Each structure stands twice: as structure tokens, then as C-alpha cells.
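Asks: This is the structure I want to talk about, given as C-alpha cells.
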Amino acid sequence: MSKQNLTPDVVCKVEKSGNRYNAWSTDGTKYTSEITSGCRKNAFNGDYLLGRFPSSTSKSGFSWRKWEGEISNPVVDNTTVEVPSDHAEVLNFIHNSYSLKPKGLMMSELKWKYLIRSAVRGKNMMMTGPAGCGKTMAAKSVVNSLDRPDFYFNLGATQDPRSTLIGNTHFDSKKGTFFSKSLFVEAIQTPNSVILLDELSRAHPDAWNILMTVLDYGQRYLRLDESDGSDTIKVADGVTFVATANIGNEYTSTRVMDKALMDRFTIVEMDVLTEDDENSLLNYMFPNVDSNVLSNVAKIASLTRTESNSDTARITSGISTRTTVELCGLLYDGFSLEESAEVSIYPQYDSTGGVDSERTFVKQIVQKFCDDGSSDDLFNEEEMAEAEGDVK
Ligand SMILES: Nc1ncnc2c1ncn2[C@@H]1O[C@H](COP(=O)(O)OP(=O)(O)O)[C@@H](O)[C@H]1O
Ligand SMILES: [Mg+2]
């Protein structure tokens with residue numbers, strides 16, 4: 001059967017909201033998180049629909065492409081959220097919200113509901129945890145589940161906080177000096193918008209200073225200039241901020257954030273996955289990869305996490321979920337566990353110190369699961385059993 005003859009099981013139209021592109025199906029379901037941002041952007045700019053087609057080569061079992069057919073129903077017009085105002089409705093919304101969580105995001109029901117509740121109550125939220133544990137994914141998923149205008153800013157990648165958050169002063173020979181405001185200014189002036197401040201912990205301290213008044217529930221304004229008495233822009237009603245921060249981990253580029261800044265957020269600590277959850281996630285994401293190998297990957301990750309948290313830790317950090325997912329992508333593409341580990345895991349560990357290095361330590365854990373176990377063991381069986389027991 002040629003590709004053209006296939007009928008998609010879902011058809012979406014892409015709409016622009018803030019600086020993001022959201023995909024809505026004909027029945028008003030949001031599919032943004034299933035479709036890559038490039039694909040959504042192209043569909044919006046090219047003014048075409050996207051269809052979801054079955055695909056045997058994609059891990060998810062489907063792929064999203066341009067759909068030139070008709071859609072039976074007009075796309076439901078999505079207006080901004082009705083955040084329920086009646087208390088009974090609010091309770092109902094929060095406690096039924098677990099179904100809004102994407103299946104591919106592993107997060108406890110309590111934490112997810114806490115996020116939704118914070119959003120509904122207009123709290124600023126900060127997702128904390130080590131690198132690669134799903135902070136950005138969870139933050140984006142919450143934003144996606146709320147039917148509100150959303151804006152995304154990666155503060156870890158901005159070199160010039162003033163121009164990103166405030167704007168630039170330009171000079172034009174005809175108009176003279178004029179000010180062009182940033183997208184962030186537009187975002188805070190959009191009522192009910194949800195503004196994602198990704199990697200806030202890596203932002204320049206100037207960015208933190210600029211954000212202080214913006215995030216403060218009692219102030220909620222942006223000062224256009226550092227000088228006292230300068231113009232300010234008011235934060236619109238219903239605007240909420242969702243930030244992410246690598247906290248309590250090894251990254252030196254993460255500057256220590258000011259306590260006053262932290263105080264402006266409700267902190268949601270992202271949990272590092274347990275071996276069982278990691279295993280379920282990998283099996284869900286890679287149904288075509290041998291589940292014994294996936295379970296070994298989950299074991300390896302959890303052994304390194306237990307080790308890095310122990311008092312006598314020989315490694316500074318455990319293998320993140322981001323890394324296990326990347327590694328399993330390699331397994332799916334036909335690389336062996338040994339090869340996959342070599343390119344995705346080992347480079348993250350320091351090799352100085354030779355046999356005593358962190359890299360050697362991690363290699364030995366991995367090798368335990370690669371061969372028949374006849375190699376020289378770094379751990380004896382008891383130690384392994386103990387470490388595995390700790391994780392549960
Ligand atoms: N809790 C989780 N559930 C599902 N996938 C996860 C989770 N944590 C990490 N991942 C995987 O790792 C990738 C990176 O996660 P990300 O949210 O960018 O981490 P962080 O922002 O904490 O550094 C995700 O795209 C996803 O594939
Ligand atoms: Mg992140």
C-alpha cells in the first residue's frame with residue numbers, strides 16, 4: 001500500500017499560541033507533545049493539516065505528516081482556559097487531571113496533581129532535580145495540558161538577559177532612538193499566559209535580578225531600566241511562571257540561586273526514577289527492544305544512582321533517564337549494549353585516575369551486564385544484591 005492511501009487516525013490543525021505552536025485535533029484534543037516542534041511550525045507556516053499515520057519504523061508506532069485530505073468536522077475553536085472558579089469544580093479538575101499527563105512522562109500521580117493544582121491556583125512553580133530527570137518535559141507537559149497561551153524561554157542559553165527579558169534600544173537615522181520590546185514583555189502582558197522559564201538556575205544573575213519584581217506576587221511588574229523611578233510594565237492578570245532548575249547536583253555552571261528568588265516559587269521536586277519505573281518507561285518507549293536488555297539498562301542506571309548517593313560514593317552522579325533513553329535509542333537502532341554505553345554513558349564520566357577513575361567504575365558495572373559475568377568483578381554478588389535491594 002502506498003503511503004498516500006493510508007488514512008490518518010487523527011488529524012490536527014496547528015495554531016500559534018504565544019511563541020509556541022499547538023496542534024489540536026478535530027475534537028479539541030491537544031496533540032502538541034506527540035509532534036516535534038519543527039513539524040508543527042512547518043505545518044503552521046505552510047498552512048496545512050497534520051495527520052497521524054501508523055509507522056513500523058518509528059518507536060512510537062506512528063508518525064505525523066502533512067495530510068492533504070479533508071477533515072470531517074471543523075477544528076474546534078480553542079479559547080483560553082476556563083480555569084474553574086467554583087471550588088467544587090476546581091477540586092474536580094485537579095483530581096481528575098492525571099489523565100492529562102502524557103503516558104510517556106513518568107511522574108507520580110501526587111506530583112502531577114500538585115503541579116496542576118499550583119497552575120490552577122496561579123502559583124509560580126519551580127521544578128527542581130538533577131539533570132535529565134524530566135524537569136523540562138514535565139514543565140512542558142503541564143503547560144500543554146492547560147488550555148492557555150504559552151511562551152517558552154530557555155534562560156540557560158541566553159547571553160544577554162536584558163535584551164531577552166526587556167528589549168533593545170535601537171537607533172534609526174530617521175526615527176532617532178527607539179525601544180523595541182522583547183517577546184518576554186509581550187508574554188507578561190498576555191492575560192492568563194503560562195510562561196516557561198527553562199534552566200533558570202543557569203541564567204545570568206542579571207536575569208535573576210530582572211525577574212525578582214516580576215515573580216513577586218506583591219509587585220508583579222517589570223522595570224525597564226535599573227534606575228529607580230524608571231518605567232515599569234505590569235504583569236497581566238492570571239500570568240503564571242513555570243521554571244526549571246538543576247539543583248543539588250554536580251553541575252558547576254549552575255550558579256547558586258538566590259534564596260529570595262527561590263522564595264518566589266512553589267518548589268516541585270522531580271523524583272529520580274526507581275528501577276521499576278525506569279524499566280516500565282523504557283519498555284513503554286521501546287517495545288521492539290529485548291525487554292531483558294531494557295531491564296539491564298534500568299539496573300545499571302539504578303546501581304549508579306545508588307552508588308552516587310552513598311557515603312562512600314565512587315562516582316559523583318548516577319546515569320540520568322535522559323541517558324538511558326538515548327542509550328535505548330541506540331539499542332533500537334541495532335547497536336549492542338556495550339557499544340551504546342561506550343558512546344552515550346562513558347563520555348559523561350571522568351577518566352583521569354585510570355583504574356581508579358569514575359569511568360572505569362561505571363564501565364565495570366556495565367560490563368557486568370554485557371558478558372556472561374566471567375570477567376573480573378568489581379562487585380561480588382553480595383554487593384550487587386545489596387545495591388539492588390537498596391533501590392527498591
Ligand atoms: N520522568 C521522566 N519520564 C519520562 N521521560 C523522561 C523522564 N525523565 C527524563 N526523561 C527522558 O529524558 C529526556 C530529557 O528530559 P528533560 O525533561 O529534558 O530533563 P531535565 O530538564 O530534567 O534535564 C526526555 O526527553 C525524556 O526522553
Ligand atoms: Mg531541562
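Chains: A, B, ... in order of the C-alpha cells. Residues: from 1 per chain. Ligands: from 1, in order shown.
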Go through the chains and note each residue within 7 Å of ligand 1, using only C-alpha atoms and all ligand atoms, then give the set as a list of chain:residue names.
Replies: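 What falls inside 7 Å of ligand 1 is A:Gly104, A:Leu105, A:Met106, A:Met107, A:Gly129, A:Pro130, A:Ala131, A:Gly132, A:Cys133, A:Gly134, A:Lys135, A:Thr136, A:Met137, A:Ala138, A:Thr244, A:Leu273, A:Leu281, A:Thr321, A:Arg322, A:Thr323, A:Val325.
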Asks: Save out the residues we just selected, N, CA, C and O atoms, as a PDB file, in the first residue's frame.
Replies:
ATOM      1  N   GLY A 104       4.027   8.983  28.201  1.00  0.00           N
ATOM      2  CA  GLY A 104       5.488   8.873  28.150  1.00  0.00           C
ATOM      3  C   GLY A 104       6.221   9.637  29.236  1.00  0.00           C
ATOM      4  O   GLY A 104       7.435   9.570  29.326  1.00  0.00           O
ATOM      5  N   LEU A 105       5.492  10.358  30.052  1.00  0.00           N
ATOM      6  CA  LEU A 105       6.140  11.067  31.165  1.00  0.00           C
ATOM      7  C   LEU A 105       5.904  10.274  32.436  1.00  0.00           C
ATOM      8  O   LEU A 105       4.774  10.010  32.819  1.00  0.00           O
ATOM      9  N   MET A 106       7.008   9.872  33.069  1.00  0.00           N
ATOM     10  CA  MET A 106       6.896   9.077  34.282  1.00  0.00           C
ATOM     11  C   MET A 106       6.947  10.030  35.462  1.00  0.00           C
ATOM     12  O   MET A 106       7.953  10.690  35.698  1.00  0.00           O
ATOM     13  N   MET A 107       5.831  10.141  36.138  1.00  0.00           N
ATOM     14  CA  MET A 107       5.765  11.058  37.266  1.00  0.00           C
ATOM     15  C   MET A 107       4.635  10.594  38.165  1.00  0.00           C
ATOM     16  O   MET A 107       3.597  10.165  37.664  1.00  0.00           O
ATOM     17  N   GLY A 129      15.652  19.294  40.448  1.00  0.00           N
ATOM     18  CA  GLY A 129      16.145  17.918  40.389  1.00  0.00           C
ATOM     19  C   GLY A 129      17.414  17.881  39.560  1.00  0.00           C
ATOM     20  O   GLY A 129      17.780  18.882  38.940  1.00  0.00           O
ATOM     21  N   PRO A 130      18.076  16.727  39.535  1.00  0.00           N
ATOM     22  CA  PRO A 130      19.309  16.622  38.759  1.00  0.00           C
ATOM     23  C   PRO A 130      19.047  16.675  37.254  1.00  0.00           C
ATOM     24  O   PRO A 130      17.897  16.569  36.823  1.00  0.00           O
ATOM     25  N   ALA A 131      20.095  16.826  36.474  1.00  0.00           N
ATOM     26  CA  ALA A 131      19.958  16.903  35.018  1.00  0.00           C
ATOM     27  C   ALA A 131      19.333  15.621  34.455  1.00  0.00           C
ATOM     28  O   ALA A 131      19.612  14.526  34.954  1.00  0.00           O
ATOM     29  N   GLY A 132      18.478  15.769  33.472  1.00  0.00           N
ATOM     30  CA  GLY A 132      17.949  14.621  32.746  1.00  0.00           C
ATOM     31  C   GLY A 132      16.906  13.807  33.485  1.00  0.00           C
ATOM     32  O   GLY A 132      16.676  12.645  33.167  1.00  0.00           O
ATOM     33  N   CYS A 133      16.233  14.403  34.491  1.00  0.00           N
ATOM     34  CA  CYS A 133      15.226  13.625  35.220  1.00  0.00           C
ATOM     35  C   CYS A 133      13.807  13.974  34.779  1.00  0.00           C
ATOM     36  O   CYS A 133      12.840  13.508  35.369  1.00  0.00           O
ATOM     37  N   GLY A 134      13.681  14.825  33.771  1.00  0.00           N
ATOM     38  CA  GLY A 134      12.356  15.100  33.225  1.00  0.00           C
ATOM     39  C   GLY A 134      11.749  16.439  33.625  1.00  0.00           C
ATOM     40  O   GLY A 134      10.547  16.629  33.464  1.00  0.00           O
ATOM     41  N   LYS A 135      12.565  17.357  34.111  1.00  0.00           N
ATOM     42  CA  LYS A 135      12.025  18.656  34.545  1.00  0.00           C
ATOM     43  C   LYS A 135      11.404  19.427  33.381  1.00  0.00           C
ATOM     44  O   LYS A 135      10.266  19.883  33.466  1.00  0.00           O
ATOM     45  N   THR A 136      12.163  19.547  32.310  1.00  0.00           N
ATOM     46  CA  THR A 136      11.658  20.307  31.157  1.00  0.00           C
ATOM     47  C   THR A 136      10.440  19.599  30.570  1.00  0.00           C
ATOM     48  O   THR A 136       9.438  20.223  30.236  1.00  0.00           O
ATOM     49  N   MET A 137      10.527  18.279  30.494  1.00  0.00           N
ATOM     50  CA  MET A 137       9.426  17.501  29.936  1.00  0.00           C
ATOM     51  C   MET A 137       8.157  17.688  30.769  1.00  0.00           C
ATOM     52  O   MET A 137       7.070  17.914  30.233  1.00  0.00           O
ATOM     53  N   ALA A 138       8.293  17.627  32.090  1.00  0.00           N
ATOM     54  CA  ALA A 138       7.124  17.784  32.960  1.00  0.00           C
ATOM     55  C   ALA A 138       6.569  19.203  32.845  1.00  0.00           C
ATOM     56  O   ALA A 138       5.357  19.396  32.749  1.00  0.00           O
ATOM     57  N   THR A 244      12.451  25.787  35.586  1.00  0.00           N
ATOM     58  CA  THR A 244      13.161  24.547  35.909  1.00  0.00           C
ATOM     59  C   THR A 244      14.555  24.910  36.418  1.00  0.00           C
ATOM     60  O   THR A 244      15.122  25.926  36.018  1.00  0.00           O
ATOM     61  N   LEU A 273      13.857   8.415  38.829  1.00  0.00           N
ATOM     62  CA  LEU A 273      13.035   7.203  38.730  1.00  0.00           C
ATOM     63  C   LEU A 273      13.636   6.022  39.484  1.00  0.00           C
ATOM     64  O   LEU A 273      14.845   5.848  39.544  1.00  0.00           O
ATOM     65  N   LEU A 281       9.193   2.639  31.896  1.00  0.00           N
ATOM     66  CA  LEU A 281       9.315   3.701  30.892  1.00  0.00           C
ATOM     67  C   LEU A 281      10.021   3.180  29.640  1.00  0.00           C
ATOM     68  O   LEU A 281       9.554   3.379  28.516  1.00  0.00           O
ATOM     69  N   THR A 321      17.909   9.556  33.373  1.00  0.00           N
ATOM     70  CA  THR A 321      16.905   8.961  32.492  1.00  0.00           C
ATOM     71  C   THR A 321      17.106   9.441  31.053  1.00  0.00           C
ATOM     72  O   THR A 321      16.910   8.698  30.110  1.00  0.00           O
ATOM     73  N   ARG A 322      17.530  10.702  30.920  1.00  0.00           N
ATOM     74  CA  ARG A 322      17.815  11.176  29.560  1.00  0.00           C
ATOM     75  C   ARG A 322      18.811  10.227  28.884  1.00  0.00           C
ATOM     76  O   ARG A 322      18.638   9.827  27.737  1.00  0.00           O
ATOM     77  N   THR A 323      19.859   9.842  29.649  1.00  0.00           N
ATOM     78  CA  THR A 323      20.894   8.972  29.085  1.00  0.00           C
ATOM     79  C   THR A 323      20.367   7.562  28.807  1.00  0.00           C
ATOM     80  O   THR A 323      20.663   6.987  27.766  1.00  0.00           O
ATOM     81  N   VAL A 325      17.384   6.738  28.034  1.00  0.00           N
ATOM     82  CA  VAL A 325      16.514   6.818  26.857  1.00  0.00           C
ATOM     83  C   VAL A 325      17.365   6.908  25.584  1.00  0.00           C
ATOM     84  O   VAL A 325      17.094   6.241  24.583  1.00  0.00           O
TER      85      VAL A 325
END
Asks: Between A:Ser357, A:Ser99, A:Thr304, A:Asn154, single out the one closest to ligand 2, counting only C-alpha atoms and all ligand atoms.
Replies: A:Asn154
Asks: Contacts of Pro347 in chain A at 12 Å or less, counting only C-alpha atoms, minus same-chain residues fewer than 4 places along, as a list in words?
Replies: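 Residues meeting the cut-off are Ile319, Thr323, Ser340, Ala341, Glu342, Val343, Ser351, Thr352, Glu358, Arg359, Thr360, Val362 and Lys363 of chain A.
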Asks: List as a list in words the protein and nucleic acid residues near range 258-268 of chain A, meaning an atom at most 10 Å away when only C-alpha atoms are counted, but skip any in the same chain fewer than 5 places from it.
Replies: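 Here the answer would be Lys111, Trp112, Tyr114, Leu115, Ser118, Lys123, Asn124, Met125, Met126, Met127, Thr128, Gly129, Lys135, Ser201, Pro205, Trp208, Asn209, Leu211, Met212, Thr213, Val214, Leu215, Asp216, Tyr217, Phe241, Val242, Ala243, Thr244 and Ala245 of chain A.
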